[in-house]
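First up is the structure itself, then whatever we jot down about it.
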Amino acid sequence: MATETTTATEESVNLRGAAAYLPGIALLVAVGLLGKYTQIWVNDFVHAHHWRFPDIEYVLWAIVFGLIIANTVGVHRIFKPGIGTYEFWLKAGIVALGSRFVLGDVAKLGGTSFVLILIDMTVAGAIILTVARLLGLSGKLGSLLAVGTSICGVSAIVAARGAIRARNADVGYAIAAILTLGAVSLFTLPAIGHGLGLTDHEFGLWSGLAVDNTAETTATGYAYSDAAGKLAVLVKSTRNALIGFVVLGFGLYWASRGEADTIAPGLRAKAAFVWAKFPKFVLGFLAVSALATAHWIDKAQLANLANLSKWAFLLTFAGVGLNTDFRELGRSGWRPLAVAVVGLVVVATVSLGLVLFTVRVLHWGVVD
Amino acid sequence: MSEPGVVPDREGSGASAPEPSVFQRIGVDWWAVIVAGAFVLLAVADALPKIPW
C-alpha cells in the first residue's frame, strides 16, 4: 500500500514536471508561427503595394519577436522551463537534418571544416586571451571567453566551468556575452554576406565557423538561405565535437598552475573525459546520414524529415529570442563585453579570410 | 553539448541539489537522438505522414 502511494505521488510529481514545460513550449510555437507567417504577410503586402523591401526570413522575424518580448515585458517564470527546451528542439532538428547529407559530403565538408576550425581556434583564441590580459580580466574569465567565442559557445563554457574551477559570476557573464553577441551576429553576418556577394556554400562555412552558439549559428545560416543553414549546422557540429579536447586542454593548463583540480589523470580517464563532453546528437546526425546514404529513406520521406527539421528549428529560433536578455550584459561593466566584442570581430574576420582563401583559391571542400 | 539537463545552469548548482530524474540523467543530447530517431524509423518504414512546411 505504501509503495502504491509512493508510486502514485511520484507519477503525480512527474506529470506536474512534464506539464511545467507546456506553457513555454506553447509560447515557442506561437512566436515561431508568428515569425513564419509574418514573412509571408510582409512579402504579400510589399508585392501588393509594389514596394521595395528586403525579403526578411522567418528566422529573423521569430527571433525579433522573441527578443521584443524578453527585453520589454519580460518572460514570466511559468514559461521558463518550456522555453529552455529550445536546445532539445535544436538537437532533434540537427539529427533529422542528417537525412539531407550523404556521408561522403559529410566527410569532405567535415574534413575541410576541421582544418579551418583548428586554424581559427588557435589564432582567435590567442588574440582573445591577449586582449583579456591587456584589459586586466581574470585569467579564468579570459579562458571562458576564449573557449566560448572561438570554439563552441555556451556548452563549451558550461563544460569548462568545472574543469577550470571558474567563478559562477564569470560563467554567468561569459554565457550572457556569448548569447548576446550571437544575437547581434545573426543580424549582421547575413547583411555582410549579401554585401560581399558570398555564395550559400561560403556563407554556410563562415557562419558555422564564426558564430559561437549552435542555435545562433543555425539561425544565422538559415537567415541567409536553406543551403547555407544546412552547411552551417554541419560545420558547427564538427566544432562541437572538439569541445572535450579543448576543455581538457584548458583544464590541464589551469591544473598545472595549481588553480584547478587535476582532471582525468591517465590516458584512459582522459579518453572518458573527452567522451563525456562529446555531443552525442552528432552520432545521431551521422547515423541518419548513413541511412540516407544507403537509400533506406525514399524521396518523399526525405522531404518529410527535412520539414520536420525546419519545424524543430523554428521552435529553436523563437527560443533564441526569448532567452536573450540584453540587460544581463550591463551588470559586469564594459571590459568583459569589450573582450567578447573583440572576440566576435576577430573570429568573424579570421574565419571569413580562411573561407575565402580555401574556397576561392584552394577550392577545398566544394560539394556540387 | 552533452551536459545533462535541458538547459545549462546559468548560476551553478548548489551542493545539496536533488537527485536528477531519469529524464535529466539521460541528457538532452540522447533525448534528441531518441525522439528524432523515432521519426526517422517511421520514415524508413514509410509510415511517416506527410509533414507540410
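In the C-alpha cells, chains take the letters A, B, ... in the order shown, each chain's residues start at 1, and ligands count up from 1 in the order shown.
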Could you tell me which residues of chain A sit within 8 Å of chain B when counting only C-alpha atoms, and give me the result as a CSV table (one decimal) with N, CA and C atoms, in the first residue's frame?
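Wrote it out as part-v4.csv, contents follow:
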```csv
chain,number,residue,atom,x,y,z
A,84,GLY,N,13.3,26.8,-22.2
A,84,GLY,CA,14.6,26.1,-22.0
A,84,GLY,C,14.7,24.9,-22.9
A,85,THR,N,13.6,24.4,-23.4
A,85,THR,CA,13.6,23.2,-24.3
A,85,THR,C,14.2,23.5,-25.7
A,87,GLU,N,17.0,24.0,-26.7
A,87,GLU,CA,18.2,23.3,-27.1
A,87,GLU,C,17.8,21.8,-27.5
A,88,PHE,N,16.8,21.3,-26.9
A,88,PHE,CA,16.3,20.0,-27.3
A,88,PHE,C,15.8,20.0,-28.8
A,89,TRP,N,15.0,21.0,-29.1
A,89,TRP,CA,14.4,21.1,-30.5
A,89,TRP,C,15.6,21.3,-31.5
A,91,LYS,N,18.7,20.2,-31.3
A,91,LYS,CA,19.4,19.0,-31.5
A,91,LYS,C,18.6,17.9,-32.2
A,92,ALA,N,17.3,17.9,-31.9
A,92,ALA,CA,16.4,16.9,-32.6
A,92,ALA,C,16.4,17.3,-34.1
A,93,GLY,N,16.4,18.7,-34.4
A,93,GLY,CA,16.3,19.1,-35.7
A,93,GLY,C,17.6,18.8,-36.5
A,95,VAL,N,19.6,16.2,-35.8
A,95,VAL,CA,19.6,14.7,-36.1
A,95,VAL,C,18.8,14.5,-37.3
A,96,ALA,N,17.6,15.1,-37.4
A,96,ALA,CA,16.7,14.9,-38.6
A,96,ALA,C,17.4,15.4,-39.8
A,154,VAL,N,28.0,28.4,-25.5
A,154,VAL,CA,27.5,28.2,-24.1
A,154,VAL,C,27.9,26.8,-23.6
A,155,SER,N,27.7,25.8,-24.4
A,155,SER,CA,28.0,24.4,-24.0
A,155,SER,C,29.5,24.3,-23.6
A,156,ALA,N,30.4,24.9,-24.4
A,156,ALA,CA,31.8,24.8,-24.0
A,156,ALA,C,32.1,25.5,-22.7
A,158,VAL,N,30.0,25.9,-20.2
A,158,VAL,CA,29.4,25.1,-19.2
A,158,VAL,C,30.3,23.9,-18.9
A,159,ALA,N,30.8,23.3,-20.0
A,159,ALA,CA,31.7,22.2,-19.8
A,159,ALA,C,33.0,22.6,-19.2
A,168,ASN,N,31.2,31.4,-10.5
A,168,ASN,CA,29.9,31.4,-11.1
A,168,ASN,C,29.6,32.7,-11.8
A,169,ALA,N,30.1,33.8,-11.2
A,169,ALA,CA,29.9,35.2,-11.8
A,169,ALA,C,30.5,35.2,-13.2
A,171,VAL,N,31.2,32.7,-15.1
A,171,VAL,CA,30.5,31.8,-16.0
A,171,VAL,C,29.2,32.5,-16.5
A,172,GLY,N,28.4,33.1,-15.6
A,172,GLY,CA,27.2,33.7,-16.0
A,172,GLY,C,27.4,34.9,-16.9
A,175,ILE,N,28.5,33.5,-20.4
A,175,ILE,CA,27.3,33.0,-21.2
A,175,ILE,C,26.4,34.1,-21.7
A,240,ASN,N,31.6,21.4,-32.5
A,240,ASN,CA,31.1,20.9,-31.2
A,240,ASN,C,31.8,19.7,-30.8
A,276,ALA,N,32.7,12.1,-22.3
A,276,ALA,CA,31.7,12.7,-21.5
A,276,ALA,C,31.2,14.0,-22.1
A,277,LYS,N,32.2,14.7,-22.6
A,277,LYS,CA,31.9,16.1,-23.2
A,277,LYS,C,31.5,16.0,-24.6
A,278,PHE,N,31.6,14.8,-25.3
A,278,PHE,CA,31.3,14.7,-26.7
A,278,PHE,C,29.8,14.9,-26.9
A,279,PRO,N,29.4,15.8,-27.9
A,279,PRO,CA,28.0,16.0,-28.2
A,279,PRO,C,27.3,14.8,-28.9
A,280,LYS,N,26.5,14.0,-28.1
A,280,LYS,CA,26.0,12.7,-28.6
A,280,LYS,C,25.1,12.9,-29.8
A,281,PHE,N,24.4,14.0,-29.9
A,281,PHE,CA,23.5,14.2,-31.0
A,281,PHE,C,24.2,14.1,-32.4
A,284,GLY,N,23.8,10.8,-33.7
A,284,GLY,CA,22.5,10.6,-34.3
A,284,GLY,C,22.5,11.2,-35.7
A,288,VAL,N,21.7,9.0,-39.1
A,288,VAL,CA,20.6,9.3,-40.0
A,288,VAL,C,21.2,9.5,-41.4
A,296,TRP,N,17.9,4.0,-47.6
A,296,TRP,CA,16.8,3.4,-46.9
A,296,TRP,C,15.6,4.3,-46.7
A,297,ILE,N,15.8,5.6,-47.1
A,297,ILE,CA,14.7,6.5,-46.9
A,297,ILE,C,14.3,7.0,-48.3
A,298,ASP,N,13.0,6.9,-48.7
A,298,ASP,CA,12.7,7.3,-50.0
A,298,ASP,C,12.5,8.9,-50.1
A,301,GLN,N,9.8,10.7,-48.1
A,301,GLN,CA,10.1,10.7,-46.7
A,301,GLN,C,11.3,11.6,-46.3
A,302,LEU,N,12.2,11.7,-47.2
A,302,LEU,CA,13.3,12.6,-47.0
A,302,LEU,C,12.8,14.1,-46.9
A,304,ASN,N,9.8,14.9,-45.9
A,304,ASN,CA,9.1,15.0,-44.6
A,304,ASN,C,10.1,15.2,-43.5
A,305,LEU,N,11.3,14.5,-43.5
A,305,LEU,CA,12.3,14.7,-42.4
A,305,LEU,C,12.9,16.1,-42.5
A,307,ASN,N,11.3,18.8,-43.5
A,307,ASN,CA,10.3,19.7,-43.0
A,307,ASN,C,10.2,19.6,-41.5
A,308,LEU,N,10.4,18.3,-41.0
A,308,LEU,CA,10.4,18.1,-39.5
A,308,LEU,C,11.5,18.9,-38.9
A,310,LYS,N,12.9,21.6,-40.0
A,310,LYS,CA,12.6,23.0,-40.1
A,310,LYS,C,11.6,23.4,-39.0
A,311,TRP,N,10.7,22.6,-38.7
A,311,TRP,CA,9.7,22.9,-37.6
A,311,TRP,C,10.5,22.9,-36.3
```
Per-residue DSSP, stretch 217-280 of chain A, filtered to helix (DSSP H, G or I), as a PyMOL selection string: chain A and resi 217-224+226-241+243-256+267-277
Residues within 8 Å of A:Ala306, only C-alpha atoms, excluding chain neighbours under 6 positions, as a list in words: Ala96, Leu97, Ser99 and Arg100 of chain A
Writer output for current selection, N, CA and C atoms, as a PDB file, in the first residue's frame:
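The new file out_15.pdb reads:
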```pdb
ATOM      1  N   ALA A  96      17.573  15.077 -37.404  1.00  0.00           N
ATOM      2  CA  ALA A  96      16.713  14.857 -38.591  1.00  0.00           C
ATOM      3  C   ALA A  96      17.373  15.409 -39.849  1.00  0.00           C
ATOM      4  N   LEU A  97      18.131  16.493 -39.701  1.00  0.00           N
ATOM      5  CA  LEU A  97      18.803  17.108 -40.856  1.00  0.00           C
ATOM      6  C   LEU A  97      19.861  16.185 -41.453  1.00  0.00           C
ATOM      7  N   SER A  99      19.498  13.478 -42.620  1.00  0.00           N
ATOM      8  CA  SER A  99      18.938  12.814 -43.809  1.00  0.00           C
ATOM      9  C   SER A  99      19.229  13.600 -45.086  1.00  0.00           C
ATOM     10  N   ARG A 100      19.610  14.871 -44.964  1.00  0.00           N
ATOM     11  CA  ARG A 100      19.869  15.700 -46.155  1.00  0.00           C
ATOM     12  C   ARG A 100      21.329  15.621 -46.602  1.00  0.00           C
TER      13      ARG A 100
END
```
For atom CA of A:Arg360 and atom CA of A:Asp105, the interatomic separation in Å (one decimal):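 It comes out at 18.5 Å.
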Shell around A:Ala271 at 10 Å using only C-alpha atoms, local window under 4 positions removed, as a ChimeraX atom specification: /A:244-245,248,264,266-267,275-276
Print the selection's residues with N, CA and C atoms to a file, as an mmCIF file, in the first residue's frame.
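So result-v7.cif came out as:
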```cif
data_model
loop_
_atom_site.group_PDB
_atom_site.id
_atom_site.type_symbol
_atom_site.label_atom_id
_atom_site.label_comp_id
_atom_site.auth_asym_id
_atom_site.auth_seq_id
_atom_site.Cartn_x
_atom_site.Cartn_y
_atom_site.Cartn_z
ATOM 1 N N GLY A 244 35.414 18.510 -26.018
ATOM 2 C CA GLY A 244 36.106 17.738 -24.983
ATOM 3 C C GLY A 244 37.609 17.983 -24.989
ATOM 4 N N PHE A 245 38.199 17.996 -26.199
ATOM 5 C CA PHE A 245 39.655 18.169 -26.302
ATOM 6 C C PHE A 245 40.075 19.558 -25.814
ATOM 7 N N LEU A 248 39.620 19.940 -22.057
ATOM 8 C CA LEU A 248 40.692 19.175 -21.402
ATOM 9 C C LEU A 248 41.986 19.983 -21.417
ATOM 10 N N ALA A 264 41.132 14.100 -14.807
ATOM 11 C CA ALA A 264 41.337 12.892 -15.580
ATOM 12 C C ALA A 264 42.789 12.430 -15.639
ATOM 13 N N GLY A 266 45.748 10.048 -16.229
ATOM 14 C CA GLY A 266 45.853 8.826 -17.028
ATOM 15 C C GLY A 266 45.132 8.949 -18.350
ATOM 16 N N LEU A 267 45.637 8.197 -19.344
ATOM 17 C CA LEU A 267 45.093 8.292 -20.708
ATOM 18 C C LEU A 267 43.645 7.831 -20.784
ATOM 19 N N TRP A 275 34.952 11.778 -24.007
ATOM 20 C CA TRP A 275 33.681 11.150 -24.398
ATOM 21 C C TRP A 275 32.514 11.775 -23.636
ATOM 22 N N ALA A 276 32.735 12.062 -22.336
ATOM 23 C CA ALA A 276 31.659 12.658 -21.518
ATOM 24 C C ALA A 276 31.250 14.019 -22.077
#
```
Residue neighbourhood A:Asp226, 10 Å, only C-alpha atoms, exclusion window fewer than 5 positions, as JSON, numbers by chain: {"A": [200, 204, 218, 221, 231, 232, 310]}
How would the residues just picked look written out with C-alpha atoms as a tab-separated table (two decimals), in the first residue's frame?
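What ended up in out-v2.tsv:
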```
chain	number	residue	atom	x	y	z
A	200	ASP	CA	25.49	29.82	-49.96
A	204	GLY	CA	27.39	28.42	-44.57
A	218	THR	CA	21.80	27.60	-37.23
A	221	GLY	CA	22.82	30.16	-41.67
A	231	LEU	CA	26.17	23.70	-44.14
A	232	ALA	CA	26.42	25.94	-41.08
A	310	LYS	CA	12.62	23.01	-40.09
```
